[in-house]
file query32.txt (compact mmCIF, C-alpha atoms and all ligand atoms)
# COMPACT_ATOMS: atom_id res chain seq x y z
CA MET A 1214 28.45 11.01 -44.98
CA LEU A 1215 26.28 10.18 -41.98
CA ASN A 1216 22.52 10.63 -42.14
CA ASP A 1217 20.62 12.54 -39.41
CA LEU A 1218 19.98 9.41 -37.37
CA GLN A 1219 23.61 8.28 -37.44
CA GLU A 1220 24.81 11.79 -36.68
CA ILE A 1221 22.46 12.04 -33.68
CA GLU A 1222 23.82 8.75 -32.32
CA ARG A 1223 27.40 9.96 -32.82
CA LEU A 1224 26.71 13.30 -31.14
CA LYS A 1225 24.92 11.64 -28.23
CA LYS A 1226 28.09 9.67 -27.45
CA GLU A 1227 30.39 12.65 -27.98
CA LYS A 1228 28.34 14.94 -25.73
CA ASN A 1229 27.30 12.22 -23.26
CA ALA A 1230 23.67 13.17 -23.92
CA ILE A 1231 20.30 11.50 -23.63
CA ILE A 1232 17.07 12.34 -25.42
CA LEU A 1233 13.73 12.55 -23.63
CA ALA A 1234 10.42 12.87 -25.48
CA HIS A 1235 6.81 13.50 -24.56
CA ASN A 1236 4.17 11.01 -25.75
CA TYR A 1237 2.86 13.55 -28.31
CA GLN A 1238 6.09 13.58 -30.33
CA THR A 1239 6.12 12.13 -33.84
CA ARG A 1240 7.16 8.53 -34.45
CA ALA A 1241 10.61 9.67 -35.69
CA ILE A 1242 11.31 11.51 -32.43
CA GLN A 1243 9.82 8.77 -30.25
CA GLU A 1244 12.08 6.27 -31.98
CA ILE A 1245 15.32 8.16 -31.29
CA ALA A 1246 14.36 9.01 -27.70
CA ASP A 1247 15.98 7.15 -24.82
CA PHE A 1248 12.83 7.62 -22.81
CA THR A 1249 9.28 8.63 -23.77
CA GLY A 1250 6.61 9.48 -21.21
CA ASP A 1251 3.94 11.78 -19.82
CA SER A 1252 4.72 14.97 -17.89
CA LEU A 1253 5.07 13.24 -14.54
CA GLU A 1254 7.18 10.35 -15.84
CA LEU A 1255 9.47 12.86 -17.56
CA CYS A 1256 9.88 14.77 -14.27
CA ILE A 1257 10.76 11.55 -12.45
CA LYS A 1258 13.18 10.52 -15.18
CA VAL A 1259 14.93 13.90 -15.24
CA SER A 1260 15.35 13.99 -11.48
CA LYS A 1261 17.09 10.57 -11.59
CA ILE A 1262 19.59 11.28 -14.38
CA LYS A 1263 23.12 10.89 -13.07
CA LYS A 1264 25.50 9.70 -15.78
CA ALA A 1265 24.52 11.92 -18.72
CA ASP A 1266 25.80 15.52 -18.90
CA THR A 1267 23.26 16.81 -21.38
CA VAL A 1268 19.55 16.23 -21.88
CA VAL A 1269 17.79 17.03 -25.16
CA PHE A 1270 14.21 17.61 -24.16
CA CYS A 1271 11.65 17.00 -26.91
CA GLY A 1272 8.60 18.50 -25.26
CA VAL A 1273 7.12 21.97 -24.87
CA ASP A 1274 8.68 24.87 -22.95
CA PHE A 1275 7.17 24.27 -19.50
CA MET A 1276 8.37 20.65 -19.54
CA ALA A 1277 11.97 21.60 -20.38
CA GLU A 1278 11.86 24.41 -17.80
CA THR A 1279 10.65 21.95 -15.15
CA ALA A 1280 13.49 19.60 -16.13
CA ALA A 1281 16.01 22.42 -15.61
CA LEU A 1282 14.56 23.09 -12.16
CA LEU A 1283 14.59 19.43 -11.18
CA ASN A 1284 18.15 18.70 -12.27
CA PRO A 1285 20.09 21.98 -12.32
CA HIS A 1286 23.45 20.20 -12.76
CA LYS A 1287 22.58 19.00 -16.25
CA LYS A 1288 22.57 20.99 -19.45
CA ILE A 1289 18.95 20.96 -20.62
CA LEU A 1290 18.56 21.66 -24.34
CA ILE A 1291 15.40 22.23 -26.36
CA PRO A 1292 15.61 21.83 -30.19
CA ASP A 1293 13.27 24.74 -30.97
CA ARG A 1294 12.70 27.84 -28.85
CA ASN A 1295 9.19 28.33 -30.22
CA ALA A 1296 7.82 25.09 -28.77
CA GLU A 1297 5.53 26.83 -26.31
CA CYS A 1298 2.39 25.44 -24.70
CA PRO A 1299 -0.22 28.20 -25.17
CA MET A 1300 -2.18 27.04 -22.13
CA ALA A 1301 0.88 27.45 -19.91
CA HIS A 1302 0.89 31.13 -20.84
CA MET A 1303 -2.78 31.69 -19.95
CA LEU A 1304 -2.04 32.30 -16.27
CA THR A 1305 0.35 34.97 -14.97
CA ALA A 1306 2.00 35.29 -11.56
CA LYS A 1307 0.17 38.63 -11.17
CA GLU A 1308 -3.25 36.94 -11.58
CA ILE A 1309 -2.32 34.29 -9.03
CA LYS A 1310 -1.25 36.94 -6.49
CA LYS A 1311 -4.58 38.71 -6.99
CA ALA A 1312 -6.54 35.47 -6.49
CA LYS A 1313 -4.54 34.66 -3.35
CA ASN A 1314 -5.62 38.00 -1.88
CA ALA A 1315 -9.24 37.29 -2.76
CA TYR A 1316 -9.10 33.73 -1.29
CA PRO A 1317 -6.56 33.85 1.56
CA ASP A 1318 -7.71 30.48 2.96
CA ALA A 1319 -7.28 28.62 -0.37
CA ALA A 1320 -4.31 26.51 -1.42
CA VAL A 1321 -2.86 27.20 -4.87
CA VAL A 1322 -2.49 24.05 -6.98
CA LEU A 1323 -1.03 24.63 -10.42
CA TYR A 1324 -0.99 22.24 -13.32
CA ILE A 1325 2.58 21.65 -14.45
CA ASN A 1326 1.52 23.34 -17.72
CA THR A 1327 2.48 26.80 -16.38
CA THR A 1328 5.47 29.10 -16.65
CA ALA A 1329 8.21 28.92 -14.00
CA GLU A 1330 7.14 32.40 -12.85
CA ALA A 1331 3.58 31.19 -12.19
CA LYS A 1332 4.93 28.03 -10.51
CA SER A 1333 6.81 30.20 -8.01
CA GLU A 1334 3.41 31.41 -6.71
CA ALA A 1335 2.02 27.89 -6.22
CA ASP A 1336 1.80 25.86 -3.01
CA ILE A 1337 2.16 22.69 -5.03
CA LEU A 1338 2.10 21.50 -8.65
CA CYS A 1339 0.30 18.59 -10.23
CA THR A 1340 0.10 16.81 -13.57
CA SER A 1341 -2.96 15.14 -15.04
CA ALA A 1342 -1.64 11.84 -13.60
CA ASN A 1343 -1.64 12.97 -9.97
CA ALA A 1344 -3.98 16.03 -9.75
CA VAL A 1345 -6.60 14.25 -7.63
CA GLU A 1346 -4.03 12.80 -5.19
CA VAL A 1347 -2.29 16.18 -4.90
CA VAL A 1348 -5.54 18.01 -4.07
CA LYS A 1349 -6.63 15.30 -1.60
CA SER A 1350 -3.27 15.50 0.19
CA LEU A 1351 -3.80 19.16 1.16
CA PRO A 1352 -5.43 20.26 4.43
CA GLN A 1353 -7.29 23.16 2.74
CA GLU A 1354 -10.89 22.63 1.62
CA LYS A 1355 -10.73 25.46 -0.91
CA ILE A 1356 -8.36 25.13 -3.89
CA LEU A 1357 -7.36 27.72 -6.48
CA PHE A 1358 -6.62 25.51 -9.48
CA GLY A 1359 -5.16 26.60 -12.82
CA PRO A 1360 -4.77 27.10 -15.65
CA ASP A 1361 -6.87 24.27 -17.17
CA GLN A 1362 -10.57 24.63 -16.36
CA ASN A 1363 -11.34 21.10 -17.63
CA LEU A 1364 -8.77 19.45 -15.40
CA ALA A 1365 -10.16 21.63 -12.59
CA TRP A 1366 -13.62 20.22 -13.36
CA TYR A 1367 -12.25 16.66 -13.37
CA VAL A 1368 -10.65 17.18 -9.94
CA SER A 1369 -13.88 18.71 -8.59
CA GLN A 1370 -15.71 15.49 -9.55
CA GLN A 1371 -13.17 13.28 -7.76
CA THR A 1372 -12.86 15.20 -4.47
CA LYS A 1373 -15.24 16.88 -2.05
CA LYS A 1374 -13.23 20.11 -2.09
CA GLU A 1375 -14.23 23.48 -3.57
CA ILE A 1376 -12.19 23.90 -6.75
CA ILE A 1377 -11.92 27.47 -8.06
CA PRO A 1378 -10.60 27.57 -11.67
CA LEU A 1379 -7.94 30.17 -12.32
CA PRO A 1380 -8.32 31.83 -14.82
CA GLU A 1381 -11.95 31.05 -15.46
CA HIS A 1382 -11.51 29.83 -19.03
CA GLY A 1383 -7.96 28.39 -19.23
CA HIS A 1384 -7.86 25.58 -21.77
CA CYS A 1385 -5.78 23.60 -24.27
CA TYR A 1386 -6.65 24.46 -27.87
CA VAL A 1387 -5.99 20.86 -28.95
CA HIS A 1388 -8.27 19.18 -26.41
CA LYS A 1389 -10.92 21.85 -26.99
CA MET A 1390 -11.38 20.36 -30.49
CA PHE A 1391 -13.07 17.18 -29.25
CA ASN A 1392 -16.83 17.21 -29.06
CA LEU A 1393 -19.47 14.83 -27.84
CA GLY A 1394 -21.20 14.46 -31.24
CA ASP A 1395 -18.07 13.19 -33.03
CA LEU A 1396 -17.21 10.85 -30.17
CA TYR A 1397 -20.74 9.45 -30.08
CA PHE A 1398 -20.66 8.85 -33.86
CA LEU A 1399 -17.28 7.07 -33.62
CA SER A 1400 -18.39 4.92 -30.71
CA GLU A 1401 -21.51 3.82 -32.62
CA LYS A 1402 -19.27 2.68 -35.47
CA ASN A 1403 -16.95 0.81 -33.08
CA LEU A 1404 -19.19 -0.74 -30.49
CA ASP A 1405 -16.43 -2.92 -28.99
CA ALA A 1406 -14.01 -0.05 -28.47
CA GLU A 1407 -13.10 1.28 -25.06
CA ILE A 1408 -13.10 5.10 -24.93
CA LEU A 1409 -10.05 6.75 -23.31
CA VAL A 1410 -10.22 10.50 -22.75
CA HIS A 1411 -7.66 13.01 -21.42
CA PRO A 1412 -8.89 15.28 -18.58
CA GLU A 1413 -8.05 18.39 -20.65
CA CYS A 1414 -11.17 17.60 -22.74
CA ASP A 1415 -14.51 19.30 -22.08
CA PRO A 1416 -16.64 17.84 -19.27
CA SER A 1417 -19.25 16.56 -21.78
CA VAL A 1418 -16.52 14.52 -23.52
CA GLN A 1419 -15.09 13.29 -20.20
CA LYS A 1420 -18.56 12.14 -19.11
CA PHE A 1421 -18.86 10.00 -22.24
CA ALA A 1422 -15.51 8.26 -21.61
CA ASP A 1423 -15.02 4.77 -20.22
CA VAL A 1424 -11.92 6.11 -18.47
CA VAL A 1425 -10.31 9.53 -18.05
CA LEU A 1426 -6.53 9.32 -17.90
CA SER A 1427 -3.22 11.11 -18.37
CA THR A 1428 -1.23 9.98 -21.41
CA GLY A 1429 0.94 7.75 -19.20
CA GLY A 1430 -2.20 6.41 -17.56
CA MET A 1431 -3.52 5.46 -21.01
CA ILE A 1432 -0.47 3.28 -21.66
CA HIS A 1433 -0.82 1.58 -18.32
CA HIS A 1434 -4.55 1.05 -18.83
CA VAL A 1435 -4.23 -0.42 -22.34
CA ASN A 1436 -1.58 -2.89 -21.10
CA GLN A 1437 -4.08 -4.26 -18.61
CA SER A 1438 -7.33 -3.94 -20.57
CA LEU A 1439 -9.02 -6.96 -22.11
CA HIS A 1440 -10.33 -4.78 -24.97
CA LYS A 1441 -8.71 -5.05 -28.39
CA THR A 1442 -9.87 -1.69 -29.80
CA PHE A 1443 -9.59 1.75 -28.22
CA ILE A 1444 -10.83 5.23 -29.15
CA ILE A 1445 -8.25 7.76 -28.00
CA ALA A 1446 -9.34 11.34 -27.26
CA THR A 1447 -6.10 13.25 -26.90
CA GLU A 1448 -3.34 14.53 -29.19
CA VAL A 1449 -3.15 12.34 -32.28
CA ASP A 1450 0.40 10.99 -31.81
CA MET A 1451 -0.65 9.34 -28.59
CA THR A 1452 -1.94 6.56 -30.83
CA THR A 1453 1.59 6.28 -32.30
CA ARG A 1454 2.98 5.64 -28.83
CA LEU A 1455 0.23 3.13 -28.05
CA GLU A 1456 0.67 1.31 -31.38
CA ARG A 1457 4.41 0.99 -30.86
CA GLU A 1458 3.82 -0.77 -27.55
CA ASN A 1459 0.75 -2.81 -28.53
CA PRO A 1460 1.05 -4.06 -32.13
CA ASP A 1461 -1.78 -6.55 -31.50
CA LYS A 1462 -4.33 -3.86 -30.57
CA THR A 1463 -6.18 -1.21 -32.60
CA PHE A 1464 -6.16 2.48 -31.70
CA ILE A 1465 -8.57 4.94 -33.30
CA PRO A 1466 -7.79 8.64 -32.83
CA ALA A 1467 -11.02 10.40 -31.80
CA LEU A 1468 -9.98 13.28 -34.07
CA ASN A 1469 -7.18 13.23 -36.65
CA GLU A 1470 -6.98 17.02 -36.56
CA ALA A 1471 -6.12 17.10 -32.85
CA ILE A 1472 -2.51 18.06 -33.44
CA CYS A 1473 -0.41 20.02 -30.98
CA GLU A 1474 1.53 22.13 -33.48
CA ASN A 1475 3.87 23.21 -30.71
CA MET A 1476 5.00 19.63 -30.02
CA LYS A 1477 5.45 19.03 -33.73
CA LEU A 1478 8.13 21.67 -34.22
CA TYR A 1479 10.82 19.08 -33.63
CA THR A 1480 12.48 17.18 -36.46
CA LEU A 1481 15.50 14.88 -36.59
CA GLU A 1482 17.46 17.67 -38.24
CA LYS A 1483 16.65 20.07 -35.38
CA VAL A 1484 17.62 17.47 -32.78
CA LYS A 1485 20.92 16.98 -34.59
CA THR A 1486 21.60 20.73 -34.75
CA CYS A 1487 20.61 21.10 -31.12
CA LEU A 1488 23.21 18.53 -30.08
CA LEU A 1489 25.84 19.88 -32.44
CA ASN A 1490 25.56 23.52 -31.36
CA GLU A 1491 24.38 22.77 -27.81
CA GLU A 1492 21.47 25.11 -28.12
CA PHE A 1493 18.97 26.15 -27.00
CA ILE A 1494 19.89 26.00 -23.32
CA VAL A 1495 16.92 26.18 -20.94
CA GLU A 1496 17.68 28.33 -17.90
CA PRO A 1497 14.84 29.52 -15.68
CA ASP A 1498 15.18 33.00 -14.17
CA GLU A 1499 17.25 33.07 -10.91
CA ASN A 1500 14.62 35.11 -9.02
CA ILE A 1501 11.87 32.55 -9.44
CA LYS A 1502 13.88 29.33 -9.22
CA SER A 1503 13.55 28.62 -5.50
CA GLY A 1504 9.76 29.17 -5.29
CA ALA A 1505 9.09 27.07 -8.38
CA LYS A 1506 11.43 24.31 -7.18
CA ARG A 1507 9.68 24.12 -3.81
CA ALA A 1508 6.28 23.61 -5.49
CA ILE A 1509 7.67 20.92 -7.82
CA LYS A 1510 9.50 19.06 -5.04
CA ARG A 1511 6.32 19.00 -2.97
CA MET A 1512 4.50 17.33 -5.85
CA MET A 1513 7.32 14.83 -6.38
CA ASN A 1514 7.14 13.74 -2.73
CA ILE A 1515 3.45 12.94 -3.12
CA SER A 1516 4.02 11.09 -6.37
CA LYS A 1517 6.56 8.79 -4.72
CA ASN A 1518 3.70 7.25 -2.74
CA GLN A 1519 1.33 6.93 -5.64
CA ASN A 1520 0.69 3.47 -7.04
CA MET A 1521 -0.70 4.82 -10.29
CA ILE A 1522 2.64 5.96 -11.59
CA GLU A 1523 3.94 2.40 -11.46
CA LEU A 1524 3.25 2.57 -15.23
CA ASN A 1525 6.59 3.51 -16.65
CA ILE A 1526 8.27 4.05 -13.35
CA LYS A 1527 10.81 1.23 -13.50
CA GLU A 1528 12.09 2.56 -16.77
CA ALA A 1529 11.89 6.16 -15.52
CA MET A 1530 13.98 5.30 -12.47
CA GLU A 1531 16.86 3.87 -14.48
CA ASN A 1532 19.62 6.42 -14.52
CA GLY A 1533 20.61 7.95 -17.82
P1 LIG B 1 0.24 14.36 -19.85
O1 LIG B 1 0.91 14.73 -18.56
O2 LIG B 1 -0.98 13.53 -19.65
O3 LIG B 1 1.20 13.74 -20.79
O4 LIG B 1 -0.32 15.68 -20.51
C1 LIG B 1 0.50 16.74 -20.89
C2 LIG B 1 -0.17 17.63 -21.83
O5 LIG B 1 0.34 18.64 -22.21
C3 LIG B 1 -1.49 17.26 -22.29
O6 LIG B 1 -1.90 18.13 -23.26
FE1 LIG B 2 -0.14 22.45 -24.29
FE2 LIG B 2 -2.33 21.38 -25.29
FE3 LIG B 2 -0.03 21.00 -26.53
FE4 LIG B 2 -0.53 19.80 -24.18
S1 LIG B 2 -1.56 19.46 -26.14
S2 LIG B 2 1.34 20.85 -24.76
S3 LIG B 2 -1.72 21.41 -23.15
S4 LIG B 2 -1.08 22.95 -26.25
call {"tool": "encode", "arguments": {"input": "query32.txt", "output": "structure tokens"}}
result
Amino acid sequence: MLNDLQEIERLKKEKNAIILAHNYQTRAIQEIADFTGDSLELCIKVSKIKKADTVVFCGVDFMAETAALLNPHKKILIPDRNAECPMAHMLTAKEIKKAKNAYPDAAVVLYINTTAEAKSEADILCTSANAVEVVKSLPQEKILFGPDQNLAWYVSQQTKKEIIPLPEHGHCYVHKMFNLGDLYFLSEKNLDAEILVHPECDPSVQKFADVVLSTGGMIHHVNQSLHKTFIIATEVDMTTRLERENPDKTFIPALNEAICENMKLYTLEKVKTCLLNEEFIVEPDENIKSGAKRAIKRMMNISKNQNMIELNIKEAMENG
């Protein structure tokens, strides 16, 4: 009898499938994935897939939904329907419409961590890897930005534009756990460590960082850094990804409790069942597809010109 790993490999061949995983997945899922990356790298990868018929997407709901919008000819499967990103559900299309009426001269920039319905109300999307470049590329001086208020703050520090957070207190419950006191304590104990922080963290934590980066940006940065030790302030399995690529370097999670439970719903058994039964299929609502697609495509065009996403891009461009 085949074990889960062997069965997954067999099913992948039978169904002509590939497995994509976000950097926050567990080691077991990262190891079976054909490609692991941040939100932007996963978008690029999905849009380039030609040979495979089926994609098993090991990330949260908005990521799989974006994949289905970017490559509608592929069957996009998610191993657990409950893998939702709570922050993505903090902003509704109705709230965006209301804000647009209140600020008619503002552009709407939405973080990719939103529902497809909210995306259909956006002028353009962004990820944490390209948010600053996306905002700078727009002619408008006023930007409605949601749903993450901390990423909105980060962008406001990097551009001269007026950034209006939408909703006022949108946040990620995982990144909310980091605080300045803990980070200060850890840095005092590891004086040689470089501090890498995700822009979903509070401004006080971001200010303490040596660098603020997306998860893909962290990988790129560590590859080039002369430091040997790093304190990582983002979801705890990011250190797993970094360790796999840099066995000679040391990664200290800023907080072991910073676990995205939603990302952790996936197991090898669920991936196997997902391939076997070809469920659950991700299919965004017909009525909102075209608006959401337009906003995503606009972002992808900007990202093509961005040097920063050189990180994993060669691998991301290879067709699956
Ligand atoms: P990245 O795009 O940096 O991987 O971030 C996605 C995310 O959900 C962070 O919490
Ligand atoms: Fe959403 Fe936060 Fe999990 Fe990222 S870490 S998927 S923002 S809940």
call {"tool": "atom_distance", "arguments": {"input": "query32.txt", "atom1": "atom CA of A:Asp1266", "atom2": "atom CA of A:Ile1494"}}
result
12.8 Å
call {"tool": "residues_around", "arguments": {"input": "query32.txt", "residues": "A:Tyr1316", "least_positions_apart": "5", "cutoff": "10 Å", "atoms": "all atoms listed in the file", "output": "ChimeraX atom specification"}}
result
/A:1310-1311,1321,1355-1357,1377
call {"tool": "closest_residue", "arguments": {"input": "query32.txt", "among": "A:Ile1325, A:Val1435, A:Leu1393, A:Leu1255", "to": "A:Ala1280", "atoms": "only C-alpha atoms"}}
result
A:Leu1255
call {"tool": "axis_aligned_box", "arguments": {"input": "query32.txt", "around": "ligand LIG 2 (chain B)", "padding_each_side": "8 Å", "output": "lines of an AutoDock Vina configuration file"}}
result
center_x = -0.5
center_y = 21.2
center_z = -24.8
size_x = 19.7
size_y = 19.5
size_z = 19.4
call {"tool": "residues_around", "arguments": {"input": "query32.txt", "residues": "stretch 1438-1444 of chain A", "least_positions_apart": "3", "cutoff": "9 Å", "atoms": "all atoms listed in the file", "output": "list in words"}}
result
Leu1396, Leu1399, Ser1400, Asn1403, Asp1405, Ala1406, Glu1407, Ile1408, Leu1409, Val1410, His1433, His1434, Val1435, Asp1461, Lys1462, Thr1463, Phe1464, Ile1465, Pro1466 and Ala1467 of chain A
call {"tool": "closest_residue", "arguments": {"input": "query32.txt", "among": "A:Thr1279, A:Asn1229, A:Gln1243, A:Asn1343", "to": "A:Met1451", "atoms": "all atoms listed in the file"}}
result
A:Gln1243
call {"tool": "residues_near_ligand", "arguments": {"input": "query32.txt", "ligand": "ligand LIG 2 (chain B)", "cutoff": "6 Å", "atoms": "all atoms listed in the file", "output": "list of chain:residue names"}}
result
A:Val1273, A:Cys1298, A:Pro1299, A:Met1300, A:Cys1385, A:Tyr1386, A:Val1387, A:Cys1473
call {"tool": "closest_residue", "arguments": {"input": "query32.txt", "among": "A:Asn1314, A:Gly1272, A:Asn1514, A:Ala1281", "to": "A:Asp1293", "atoms": "only C-alpha atoms"}}
result
A:Gly1272
call {"tool": "residues_near_ligand", "arguments": {"input": "query32.txt", "ligand": "ligand LIG 1 (chain B)", "cutoff": "7 Å", "atoms": "all atoms listed in the file", "output": "MDAnalysis selection string"}}
result
chainID A and resid 1235:1236 1250:1253 1326 1340:1342 1385 1411 1413 1427:1429
call {"tool": "atom_distance", "arguments": {"input": "query32.txt", "atom1": "atom CA of A:Gln1370", "atom2": "atom CA of A:Phe1421"}}
result
14.2 Å
call {"tool": "closest_residue", "arguments": {"input": "query32.txt", "among": "A:Val1322, A:Ile1289, A:Leu1488, A:Ala1246", "to": "A:Asp1336", "atoms": "only C-alpha atoms"}}
result
A:Val1322
call {"tool": "closest_residue", "arguments": {"input": "query32.txt", "among": "A:Leu1455, A:Val1495, A:Ala1331, A:Val1425", "to": "A:Leu1304", "atoms": "all atoms listed in the file"}}
result
A:Ala1331
call {"tool": "closest_residue", "arguments": {"input": "query32.txt", "among": "A:Ala1312, A:Ala1319, A:Val1347, A:Cys1414", "to": "A:Ser1516", "atoms": "only C-alpha atoms"}}
result
A:Val1347
call {"tool": "atom_distance", "arguments": {"input": "query32.txt", "atom1": "atom CA of A:Gln1437", "atom2": "atom CA of A:Ala1422"}}
result
17.2 Å
call {"tool": "residues_around", "arguments": {"input": "query32.txt", "residues": "A:Glu1458", "least_positions_apart": "6", "cutoff": "10 Å", "atoms": "all atoms listed in the file", "output": "ChimeraX atom specification"}}
result
/A:1432,1435-1436,1452
call {"tool": "residues_around", "arguments": {"input": "query32.txt", "residues": "A:Ile1501", "least_positions_apart": "2", "cutoff": "8 Å", "atoms": "all atoms listed in the file", "output": "list in words"}}
result
Ala1329, Glu1330, Ser1333, Pro1497, Asp1498, Glu1499, Ser1503, Gly1504 and Ala1505 of chain A
call {"tool": "decode", "arguments": {"input": "query32.txt", "residues": "stretch 1454-1472 of chain A", "atoms": "N, CA, C and O atoms", "output": "mmCIF file, in the first residue's frame"}}
result
data_model
loop_
_atom_site.group_PDB
_atom_site.id
_atom_site.type_symbol
_atom_site.label_atom_id
_atom_site.label_comp_id
_atom_site.auth_asym_id
_atom_site.auth_seq_id
_atom_site.Cartn_x
_atom_site.Cartn_y
_atom_site.Cartn_z
ATOM 1 N N ARG A 1454 10.790 27.943 5.708
ATOM 2 C CA ARG A 1454 11.157 28.206 4.300
ATOM 3 C C ARG A 1454 12.595 28.729 4.212
ATOM 4 O O ARG A 1454 13.383 28.281 3.373
ATOM 5 N N LEU A 1455 12.919 29.674 5.096
ATOM 6 C CA LEU A 1455 14.257 30.272 5.071
ATOM 7 C C LEU A 1455 15.331 29.240 5.424
ATOM 8 O O LEU A 1455 16.392 29.193 4.793
ATOM 9 N N GLU A 1456 15.039 28.395 6.409
ATOM 10 C CA GLU A 1456 16.005 27.356 6.820
ATOM 11 C C GLU A 1456 16.256 26.352 5.693
ATOM 12 O O GLU A 1456 17.386 25.911 5.485
ATOM 13 N N ARG A 1457 15.204 26.006 4.980
ATOM 14 C CA ARG A 1457 15.359 25.040 3.889
ATOM 15 C C ARG A 1457 16.319 25.569 2.823
ATOM 16 O O ARG A 1457 17.058 24.812 2.227
ATOM 17 N N GLU A 1458 16.265 26.871 2.601
ATOM 18 C CA GLU A 1458 17.111 27.466 1.551
ATOM 19 C C GLU A 1458 18.487 27.891 2.043
ATOM 20 O O GLU A 1458 19.379 28.109 1.247
ATOM 21 N N ASN A 1459 18.618 28.081 3.358
ATOM 22 C CA ASN A 1459 19.882 28.609 3.902
ATOM 23 C C ASN A 1459 20.324 27.796 5.117
ATOM 24 O O ASN A 1459 20.283 28.282 6.246
ATOM 25 N N PRO A 1460 20.764 26.546 4.906
ATOM 26 C CA PRO A 1460 21.128 25.700 6.047
ATOM 27 C C PRO A 1460 22.299 26.244 6.863
ATOM 28 O O PRO A 1460 22.478 25.853 8.017
ATOM 29 N N ASP A 1461 23.060 27.157 6.293
ATOM 30 C CA ASP A 1461 24.232 27.709 6.990
ATOM 31 C C ASP A 1461 23.889 28.942 7.834
ATOM 32 O O ASP A 1461 24.755 29.513 8.491
ATOM 33 N N LYS A 1462 22.620 29.379 7.807
ATOM 34 C CA LYS A 1462 22.254 30.588 8.547
ATOM 35 C C LYS A 1462 21.245 30.251 9.649
ATOM 36 O O LYS A 1462 20.595 29.204 9.602
ATOM 37 N N THR A 1463 21.110 31.161 10.623
ATOM 38 C CA THR A 1463 20.214 30.902 11.759
ATOM 39 C C THR A 1463 19.023 31.863 11.712
ATOM 40 O O THR A 1463 19.216 33.074 11.534
ATOM 41 N N PHE A 1464 17.828 31.306 11.882
ATOM 42 C CA PHE A 1464 16.613 32.113 11.834
ATOM 43 C C PHE A 1464 15.858 31.971 13.154
ATOM 44 O O PHE A 1464 15.533 30.857 13.568
ATOM 45 N N ILE A 1465 15.588 33.111 13.777
ATOM 46 C CA ILE A 1465 14.891 33.089 15.065
ATOM 47 C C ILE A 1465 13.499 33.686 14.858
ATOM 48 O O ILE A 1465 13.382 34.872 14.499
ATOM 49 N N PRO A 1466 12.440 32.877 15.069
ATOM 50 C CA PRO A 1466 11.105 33.471 14.937
ATOM 51 C C PRO A 1466 10.904 34.508 16.042
ATOM 52 O O PRO A 1466 11.224 34.241 17.210
ATOM 53 N N ALA A 1467 10.399 35.686 15.692
ATOM 54 C CA ALA A 1467 10.194 36.735 16.701
ATOM 55 C C ALA A 1467 9.146 36.294 17.716
ATOM 56 O O ALA A 1467 9.141 36.763 18.853
ATOM 57 N N LEU A 1468 8.265 35.397 17.305
ATOM 58 C CA LEU A 1468 7.215 34.897 18.199
ATOM 59 C C LEU A 1468 6.771 33.503 17.734
ATOM 60 O O LEU A 1468 6.217 33.371 16.634
ATOM 61 N N ASN A 1469 7.006 32.504 18.580
ATOM 62 C CA ASN A 1469 6.633 31.135 18.184
ATOM 63 C C ASN A 1469 5.128 30.935 18.073
ATOM 64 O O ASN A 1469 4.652 30.030 17.409
ATOM 65 N N GLU A 1470 4.376 31.805 18.752
ATOM 66 C CA GLU A 1470 2.914 31.673 18.735
ATOM 67 C C GLU A 1470 2.282 32.334 17.509
ATOM 68 O O GLU A 1470 1.061 32.258 17.318
ATOM 69 N N ALA A 1471 3.082 32.979 16.687
ATOM 70 C CA ALA A 1471 2.507 33.661 15.506
ATOM 71 C C ALA A 1471 2.191 32.636 14.418
ATOM 72 O O ALA A 1471 2.945 32.446 13.465
ATOM 73 N N ILE A 1472 1.073 31.959 14.611
ATOM 74 C CA ILE A 1472 0.681 30.870 13.708
ATOM 75 C C ILE A 1472 -0.605 31.253 12.990
ATOM 76 O O ILE A 1472 -1.597 31.607 13.640
#
